[in-house]
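Q: Sharing a structure here in structure tokens format.
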Amino acid sequence: MKILLVVILALVILGSKVSFGDKGTYVDKVEFTQYSDPNTAIEEVKNGNLDIYYSAVPSSRIDSQLRQDLNVFQSTGTEYSLLVNPAPSEKFNPFSIREVRYALNYLVDRNMIVDEILNGYGSQMISAYKPYDPDYLLILGKLQSFNFRYDPVFAEQMISNALTKVGAEKIDGKWYYKSKPIEITIFIRNDDQVRKSIGEVLASQLQKIGFTVKTDYGDLSKAFSVVYGSNPADAQWNIYTEGYTIGGFVRYDSVIVAQMYAPWFSNMPGFNNPEYWNYNNATLDSISQAIFVGNFTSSQTRAALLNEGVVDGIQESVRIFLAAQVDQYVANKKVQGIINDFGAGITSRFTPINSRDGSDTLKIGVAKIYQGAWNPIAGFTDSYSQEISSSITDPGDFKNPYTGLTIPVRTDWQVETAGPSGKLDVPSDAIKWDPQQQKWVQVGPGTKSTSKVTFHMKFSNWHDGRPMDMNDVLYGIYFLYQWGSDQASQAKTFDSEYSPKANQAAKTLIGVRVVDADTIEVYQDYWHFDKNEIADSAQVWPSTPWEIMYAMEKSVTDGKLAFSRSDAVSKNVDWLSLLVPKDAQMMRSNLEEFEAENQVPVALEGLANSSYCDLRYNSSMSWIDNHENAMISNGPFYLDSYLPEASKISLKSFNDKTYPFGIGYWKKFEQVQLPKIEKINMPAIVKIGQDLDIKSIVTPNSDVYYYFINSQGQVVYNGMQNSGNGTFNITVPAEKTTQFTVGANDVKIFTVSSDAYRPDTFSTSFLAIKDGYDVPSGNVNVIEQSLSDNQNYNAIILPVVIGVIIALVFTRMRRKKPMEASR
């Protein structure tokens with residue numbers, strides 16, 4: 001269970017012992033300024049007018065001279081995909097047919113995307129998991145079984161078979177349905193050269209096989225309207241060139257299968273807007289919900305669910321993954337303390353907090369200053385807002401930037417669990433919110449839960465000066481229950497994007513029990529084999545004061561604003577943004593009304609009096625008057641100003657004695673020791689039916705995973721072993737080498753450590769031959785490969801060597817047994 005309200009904005013990280021200090025940052029101010037042109041931004045960083053540029057720079061700009069002038073950081077950041085519209089419509093949509101969508105996997109050239117469009121700085125993807133994701137090794141075998149390749153002839157045949165079955169015809173090289181040309185609209189992001197290139201190449205390929213193709217260009221703002229905000233059945237788009245950036249490095253990701261493949265999570269065409277056609281897939285919903293709510297009994301059953309969900313998602317091909325880019329960022333050499341998170345890269349929230357350059361102001365360039373709404377319910381959906389806002393708020397917990405494991409930030413906890421199969425007694429005086437009765441009710445005797453988490457809150461003042469308290473926590477829990485109700489019972493408090501997610505979370509939340517002013521017990525039906533993941537699931541730490549939540553809620557239920565993009569479009573209202581002065585003033589008007597009428601929110605009746613509430617209302621109103629925004633939170637920086645005309649956002653250090661973390665608290669993350677594959681002695685030619693021994697040298701005490709894959713994409717042998725002192729052998733037994741196919745086979749090796757779970761990777765091809773065939777003379781039977789700098793060595797050299805060997809060996813094979821050597 002995810003208490004979504006309190007974690008959507010949470011882009012923060014760990015803590016240990018609390019030592020209260022007046023200031024938690026090295027600099028007094030952070031200025032974010034828009035620089036849409038990366039070339040201009042690079043020059044500004046060189047000149048010292050910018051300290052850091054938060055947008056990935058083109059790989060063509062990264063040369064030896066630039067590396068001398070600036071610090072260059074690499075991160076496995078942006079993922080590229082195609083979102084395909086599967087909706088039937090009045091205008092025939094060929095992608096409403098699953099086989100046509102699936103054929104796109106053979107029409108896209110992933111090799112070309114990585115090698116040419118990304119200039120080699122990336123890796124291919126066929127699923128939502130990229131090679132550096134912690135769970136990738138769990139699904140690698142299934143991914144290999146797809147054996148996707150660039151084959152436009154095969155793709156065209158698949159498409160032709162599918163279209164002919166439904167009555168389409170190809171006339172003079174053009175596809176027609178009921179005498180009308182089959183037209184495809186591709187929405188291409190032209191604010192990203194990579195996606196522009198991907199879209200234009202795909203458009204050309206689709207034209208070649210007979211479709212009439214229309215290209216529609218735009219940026220994220222336009223995509224919010226045309227793609228994410230429209231009814232798929234209206235066919236305003238057929239394919240969209242998507243891109244995702246990762247906000248953090250997560251060891252056990254409970255969301256990715258749901259987010260990328262399952263309709264219930266509100267990220268698939270239709271986006272759960274009840275007025276639109278919506279993509280439905282009960283199987284993917286069930287699988288991903290089981291992962292999301294911890295409905296598994298072991299790490300093995302969780303892995304099985306991941307595999308099942310990924311396979312179904314790939315086969316459905318509503319979202320088709322293409323490649324993951326190695327993002328490259330630049331910073332002035334005078335800046336120290338930049339922290340390069342394995343997920344978010346240098347744009348993680350640690351960088352503004354921990355960086356210093358000898359001045360009181362850190363100047364950061366961004367590609368876009370504002371693209372989507374800032375609100376903690378269904379806003380912050382774009383990377384630009386997430387990167388800027390991440391230092392404004394503290395979460396209760398977050399993920400270690402290098403291991404992805406859950407660690408405390410503003411809460412400590414104790415976990416008790418009877419899971420996966422047992423139950424704990426829940427105290428009868430524990431409470432939950434009843435949306436029907438509109439009040440808190442006791443759970444009563446005999447109530448059970450799988451787990452219990454006791455949280456100890458590290459409260460401080462909010463940015464407006466008022467102390468945080470347990471009412472902020474309870475309002476967040478109320479909001480989850482209320483807005484997680486189904487639409488039929490609570491139509492006014494239903495958001496098409498937020499509510500389906502909250503509904504899944506609310507189902508597992510059995511109740512809570514306030515112990516004292518800063519301690520609360522949370523009872524839930526959730527289990528995980530890592531107890532800290534149970535705590536993360538139960539987290540109830542608030543990111544926004546209850547009075548701002550109350551004011552937002554009023555504006556939405558009054559029909560003036562919407563929490564989500566989809567509801568804003570369908571209801572023809574603005575998407576609520578606490579950053580925008582107009583919306584902030586609406587919040588102020590609501591607060592003023594609450595004060596004038598001595599209102600106490602229904603969620604706090606019996607818990608708060610009107611005088612206490614008035615203090616809260618007045619503090620928030622004063623904040624809005626002074627800052628012209630309503631982004632009040634609890635992090636190490638506060639949002640001082642937003643100047644749209646100057647494309648600038650300014651943060652200031654929250655110098656408050658109640659803030660728990662002092663300067664340098666996150667400095668321990670400046671350095672990380674990455675595991676490395678130092679050397680692999682891989683035979684270039686392997687005899688089928690004989691043991692295969694591979695001498696290897698890697699970082700000591702690392703875990704090494706290895707996979708041997710034949711030409712049909714089958715993993716014929718895999719395993720894991722600890723590297724010990726760093727030198728060890730990988731042995732493939734003879735009975736397993738019999739499953740190699742005659743000709744080229746592949747080996748993939750990964751190594752991770754307990755301190756850094758981002759693997760170093762090695763992959764290559766080798767030639768397998770049957771016993772009795774000659775090995776060509778010359779020094780080609782063993783290839784010693786030395787690796788460094790976490791790079792995949794021999795990606796280009798070895799295929800050439802293998803090609804020469806294959807030619808030599810098969811020449812000799814043909815001389816001995818002309819036909820039997822063929823596959």
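Labeling convention for the structure tokens: chains A, B, ... as they appear, residues from 1 per chain, ligands from 1 in order of appearance.
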Excluding same-chain residues fewer than 5 positions from Ser428 in chain A, what lies within 7 Å of it counting only C-alpha atoms, as an NGL selection string?
A: :A and (442-445)
Q: Do a neighbour search on Lys333 in chain A at 10 Å with only C-alpha atoms, toss out local chain neighbours closer than 6 positions, and write the hits as a ChimeraX atom specification.
A: /A:45-46,48,51-52,67-72,357
Q: Would you put the residues from that selection into a file with N, CA, C and O atoms, as a PDB file, in the first residue's frame?
A:
ATOM      1  N   VAL A  45      27.787  27.841 -18.562  1.00  0.00           N
ATOM      2  CA  VAL A  45      28.468  27.085 -17.498  1.00  0.00           C
ATOM      3  C   VAL A  45      29.967  27.324 -17.582  1.00  0.00           C
ATOM      4  O   VAL A  45      30.644  27.514 -16.560  1.00  0.00           O
ATOM      5  N   LYS A  46      30.492  27.325 -18.797  1.00  0.00           N
ATOM      6  CA  LYS A  46      31.927  27.617 -18.972  1.00  0.00           C
ATOM      7  C   LYS A  46      32.288  28.987 -18.424  1.00  0.00           C
ATOM      8  O   LYS A  46      33.321  29.162 -17.761  1.00  0.00           O
ATOM      9  N   GLY A  48      30.844  30.656 -16.147  1.00  0.00           N
ATOM     10  CA  GLY A  48      30.550  30.834 -14.728  1.00  0.00           C
ATOM     11  C   GLY A  48      29.243  31.527 -14.455  1.00  0.00           C
ATOM     12  O   GLY A  48      28.912  31.791 -13.290  1.00  0.00           O
ATOM     13  N   ASP A  51      26.170  27.499 -12.728  1.00  0.00           N
ATOM     14  CA  ASP A  51      26.992  26.516 -12.032  1.00  0.00           C
ATOM     15  C   ASP A  51      26.763  25.110 -12.588  1.00  0.00           C
ATOM     16  O   ASP A  51      27.696  24.329 -12.727  1.00  0.00           O
ATOM     17  N   ILE A  52      25.500  24.790 -12.885  1.00  0.00           N
ATOM     18  CA  ILE A  52      25.116  23.453 -13.335  1.00  0.00           C
ATOM     19  C   ILE A  52      24.016  23.605 -14.383  1.00  0.00           C
ATOM     20  O   ILE A  52      23.191  24.523 -14.312  1.00  0.00           O
ATOM     21  N   ARG A  67      35.670  18.202 -21.535  1.00  0.00           N
ATOM     22  CA  ARG A  67      35.953  17.528 -20.274  1.00  0.00           C
ATOM     23  C   ARG A  67      37.068  18.233 -19.506  1.00  0.00           C
ATOM     24  O   ARG A  67      37.128  18.143 -18.281  1.00  0.00           O
ATOM     25  N   GLN A  68      37.946  18.931 -20.214  1.00  0.00           N
ATOM     26  CA  GLN A  68      38.966  19.726 -19.535  1.00  0.00           C
ATOM     27  C   GLN A  68      38.359  20.985 -18.936  1.00  0.00           C
ATOM     28  O   GLN A  68      38.745  21.424 -17.849  1.00  0.00           O
ATOM     29  N   ASP A  69      37.387  21.560 -19.651  1.00  0.00           N
ATOM     30  CA  ASP A  69      36.798  22.827 -19.214  1.00  0.00           C
ATOM     31  C   ASP A  69      35.774  22.650 -18.099  1.00  0.00           C
ATOM     32  O   ASP A  69      35.637  23.509 -17.226  1.00  0.00           O
ATOM     33  N   LEU A  70      35.024  21.539 -18.146  1.00  0.00           N
ATOM     34  CA  LEU A  70      33.900  21.352 -17.235  1.00  0.00           C
ATOM     35  C   LEU A  70      33.932  19.959 -16.616  1.00  0.00           C
ATOM     36  O   LEU A  70      34.598  19.058 -17.123  1.00  0.00           O
ATOM     37  N   ASN A  71      33.187  19.790 -15.551  1.00  0.00           N
ATOM     38  CA  ASN A  71      32.937  18.451 -15.020  1.00  0.00           C
ATOM     39  C   ASN A  71      31.760  17.851 -15.767  1.00  0.00           C
ATOM     40  O   ASN A  71      30.704  18.486 -15.892  1.00  0.00           O
ATOM     41  N   VAL A  72      31.927  16.637 -16.272  1.00  0.00           N
ATOM     42  CA  VAL A  72      30.873  15.951 -17.018  1.00  0.00           C
ATOM     43  C   VAL A  72      30.428  14.744 -16.204  1.00  0.00           C
ATOM     44  O   VAL A  72      31.246  13.930 -15.776  1.00  0.00           O
ATOM     45  N   ASP A 357      29.985  26.344  -4.037  1.00  0.00           N
ATOM     46  CA  ASP A 357      30.956  26.883  -4.994  1.00  0.00           C
ATOM     47  C   ASP A 357      31.681  28.108  -4.443  1.00  0.00           C
ATOM     48  O   ASP A 357      32.305  28.862  -5.181  1.00  0.00           O
TER      49      ASP A 357
END
Q: Which value, in Å to one decimal, gives the distance between CA of Ile320 in chain A and CA of Lys748 in chain A?
A: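 CA of Ile320 in chain A sits 23.4 Å away from CA of Lys748 in chain A.
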Q: Counting only C-alpha atoms, what is within 9 Å of Met586 in chain A, bar same-chain residues fewer than 5 positions away, as a CSV table (one decimal) with N, CA and C atoms, in the first residue's frame?
A:
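Written file, result16.csv:
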chain,number,residue,atom,x,y,z
A,551,ALA,N,-7.9,23.9,1.3
A,551,ALA,CA,-8.2,24.9,0.3
A,551,ALA,C,-8.2,24.4,-1.1
A,552,MET,N,-7.2,23.5,-1.4
A,552,MET,CA,-7.2,22.9,-2.7
A,552,MET,C,-8.5,22.1,-2.9
A,555,SER,N,-11.5,24.1,-3.9
A,555,SER,CA,-11.5,24.6,-5.2
A,555,SER,C,-11.9,23.5,-6.2
A,581,PRO,N,0.3,32.3,-9.6
A,581,PRO,CA,-0.2,33.3,-8.7
A,581,PRO,C,-1.8,33.3,-8.7
A,591,LEU,N,-9.0,30.3,2.1
A,591,LEU,CA,-8.5,30.4,3.5
A,591,LEU,C,-9.2,31.6,4.2
Q: Rank A:Pro395, A:Pro94, A:Gly313, A:Pro601 by their smallest atom-to-atom distance to Ala128 in chain A, using only C-alpha atoms, and report the top residue only.
A: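 When distances to Ala128 in chain A are compared using only C-alpha atoms, the smallest one comes from A:Gly313.
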Q: Distance CA of Asp382 in chain A-CA of Gln325 in chain A, one decimal place?
A: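 For CA of Asp382 in chain A relative to CA of Gln325 in chain A, the distance reads 17.7 Å.
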Q: So, with only C-alpha atoms as the atoms that count, which of A:Glu316, A:Glu169, A:Asp327, A:Glu521 lies closest to Ser59 in chain A?
A: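 Nearest candidate to Ser59 in chain A out of A:Glu316, A:Glu169, A:Asp327, A:Glu521: A:Asp327.
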Q: Between A:Val415, A:Ala568, A:Met682, A:Val311, which one has atoms that come closest to Tyr523 in chain A, using only C-alpha atoms?
A: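 Nearest candidate to Tyr523 in chain A out of A:Val415, A:Ala568, A:Met682, A:Val311: A:Val415.
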Q: Leaving out Phe459 in chain A and any residue of its chain fewer than 2 positions from it, which residues lie within 12 Å of it when counting only C-alpha atoms, given as a PyMOL selection string?
A: chain A and resi 18+20+394-396+409-412+455-457+461-462+466-473+517-519+541-543+633-635+657-661
Q: Just N, CA and C atoms for this one: save the residues we selected as a short mmCIF file (atom, residue, chain, number, x, y, z; two decimals), in the first residue's frame.
A:
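Output file part_8.cif is given in full below:
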data_model
loop_
_atom_site.label_atom_id
_atom_site.label_comp_id
_atom_site.auth_asym_id
_atom_site.auth_seq_id
_atom_site.Cartn_x
_atom_site.Cartn_y
_atom_site.Cartn_z
N VAL A 18 19.35 12.52 14.35
CA VAL A 18 18.92 13.89 14.12
C VAL A 18 19.72 14.85 14.99
N PHE A 20 19.55 18.95 15.40
CA PHE A 20 18.85 20.13 14.94
C PHE A 20 19.84 21.26 14.67
N ASP A 394 10.47 17.55 2.33
CA ASP A 394 11.09 16.36 2.90
C ASP A 394 10.04 15.25 2.98
N PRO A 395 10.42 14.01 2.66
CA PRO A 395 9.51 12.88 2.89
C PRO A 395 9.84 12.19 4.20
N GLY A 396 9.00 11.25 4.56
CA GLY A 396 9.30 10.45 5.74
C GLY A 396 10.44 9.50 5.50
N VAL A 409 14.06 9.32 6.61
CA VAL A 409 14.39 10.73 6.48
C VAL A 409 13.77 11.47 7.66
N ARG A 410 12.47 11.74 7.60
CA ARG A 410 11.83 12.49 8.68
C ARG A 410 10.99 11.60 9.59
N THR A 411 11.09 10.30 9.41
CA THR A 411 10.45 9.36 10.34
C THR A 411 11.41 8.23 10.66
N ASP A 412 11.34 7.75 11.88
CA ASP A 412 11.94 6.47 12.26
C ASP A 412 10.79 5.50 12.49
N PHE A 455 5.46 4.75 13.64
CA PHE A 455 6.27 5.85 13.13
C PHE A 455 6.51 6.89 14.21
N HIS A 456 7.76 7.35 14.29
CA HIS A 456 8.13 8.45 15.17
C HIS A 456 8.49 9.63 14.26
N MET A 457 7.70 10.69 14.33
CA MET A 457 7.82 11.82 13.41
C MET A 457 8.87 12.82 13.87
N ASN A 461 8.91 23.18 11.93
CA ASN A 461 7.97 24.17 11.44
C ASN A 461 7.74 23.98 9.94
N TRP A 462 6.54 24.35 9.49
CA TRP A 462 6.31 24.50 8.06
C TRP A 462 7.04 25.76 7.59
N ARG A 466 4.43 27.98 11.03
CA ARG A 466 3.57 27.24 11.95
C ARG A 466 4.14 25.85 12.19
N PRO A 467 4.05 25.33 13.42
CA PRO A 467 4.57 23.99 13.70
C PRO A 467 3.76 22.90 13.01
N MET A 468 4.46 21.91 12.48
CA MET A 468 3.78 20.70 12.01
C MET A 468 3.19 19.98 13.22
N ASP A 469 2.12 19.23 13.00
CA ASP A 469 1.55 18.43 14.09
C ASP A 469 0.78 17.24 13.52
N MET A 470 0.21 16.45 14.41
CA MET A 470 -0.46 15.22 14.00
C MET A 470 -1.70 15.49 13.17
N ASN A 471 -2.27 16.68 13.23
CA ASN A 471 -3.43 16.99 12.38
C ASN A 471 -3.04 16.97 10.90
N ASP A 472 -1.81 17.37 10.59
CA ASP A 472 -1.35 17.30 9.20
C ASP A 472 -1.29 15.85 8.72
N VAL A 473 -0.87 14.96 9.63
CA VAL A 473 -0.80 13.54 9.29
C VAL A 473 -2.21 12.98 9.07
N ALA A 517 2.08 12.89 20.66
CA ALA A 517 2.13 14.06 19.77
C ALA A 517 2.94 13.82 18.51
N ASP A 518 3.89 12.88 18.55
CA ASP A 518 4.68 12.64 17.35
C ASP A 518 4.86 11.16 17.03
N THR A 519 3.95 10.31 17.53
CA THR A 519 4.02 8.87 17.27
C THR A 519 2.67 8.36 16.82
N TRP A 541 3.81 10.38 6.40
CA TRP A 541 4.41 11.70 6.60
C TRP A 541 3.80 12.71 5.63
N PRO A 542 3.42 13.91 6.12
CA PRO A 542 2.77 14.90 5.25
C PRO A 542 3.78 15.82 4.55
N SER A 543 3.48 16.17 3.32
CA SER A 543 4.33 17.09 2.57
C SER A 543 3.74 18.48 2.46
N SER A 633 5.87 23.99 2.32
CA SER A 633 6.24 22.62 2.65
C SER A 633 7.22 22.62 3.81
N ASN A 634 8.09 21.61 3.87
CA ASN A 634 8.89 21.39 5.07
C ASN A 634 10.34 21.02 4.79
N GLY A 635 10.83 21.26 3.57
CA GLY A 635 12.17 20.86 3.20
C GLY A 635 13.23 21.88 3.54
N LYS A 657 15.40 26.94 13.33
CA LYS A 657 16.03 26.12 14.36
C LYS A 657 15.34 24.77 14.54
N THR A 658 14.11 24.64 14.04
CA THR A 658 13.41 23.37 14.19
C THR A 658 13.75 22.38 13.09
N TYR A 659 14.47 22.85 12.04
CA TYR A 659 14.78 21.93 10.94
C TYR A 659 15.83 20.92 11.41
N PRO A 660 15.60 19.62 11.21
CA PRO A 660 16.43 18.61 11.90
C PRO A 660 17.81 18.34 11.32
N PHE A 661 18.10 18.72 10.08
CA PHE A 661 19.37 18.31 9.46
C PHE A 661 20.26 19.52 9.21
#
Q: Taking the DSSP secondary structure from the backbone, can you list the residues of range 258-476 of chain A that are helix (DSSP H, G or I), as a VMD selection string?
A: chain A and resid 258 to 261 263 to 265 282 to 292 299 to 316 350 to 354 383 to 389 470 to 476
Q: Could you check the closest approach to Ser650 in chain A for each of A:Val672, A:Val100, A:Ile392, A:Ala282 and tell me which residue wins, using only C-alpha atoms?
A: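 With only C-alpha atoms as the atom set, the closest residue is A:Ile392.
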Q: Please list as a list of chain:residue names every residue within 9 Å of Gly173 in chain A, counting only C-alpha atoms and excluding residues in the same chain fewer than 6 positions away.
A: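 Here the answer would be A:Lys208, A:Ile209, A:Gly210, A:Phe211.
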Q: Those selected residues, please, written with N, CA and C atoms and delivered as an mmCIF file, in the first residue's frame.
A:
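For reference, selection16.cif as written:
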data_model
loop_
_atom_site.group_PDB
_atom_site.id
_atom_site.type_symbol
_atom_site.label_atom_id
_atom_site.label_comp_id
_atom_site.auth_asym_id
_atom_site.auth_seq_id
_atom_site.Cartn_x
_atom_site.Cartn_y
_atom_site.Cartn_z
ATOM 1 N N LYS A 208 6.519 3.732 -46.008
ATOM 2 C CA LYS A 208 7.062 2.752 -46.946
ATOM 3 C C LYS A 208 6.195 1.507 -47.043
ATOM 4 N N ILE A 209 5.539 1.138 -45.949
ATOM 5 C CA ILE A 209 4.722 -0.078 -45.998
ATOM 6 C C ILE A 209 3.267 0.222 -46.339
ATOM 7 N N GLY A 210 2.978 1.481 -46.713
ATOM 8 C CA GLY A 210 1.682 1.754 -47.308
ATOM 9 C C GLY A 210 0.707 2.596 -46.523
ATOM 10 N N PHE A 211 1.091 3.095 -45.361
ATOM 11 C CA PHE A 211 0.179 3.942 -44.606
ATOM 12 C C PHE A 211 0.295 5.399 -45.054
#
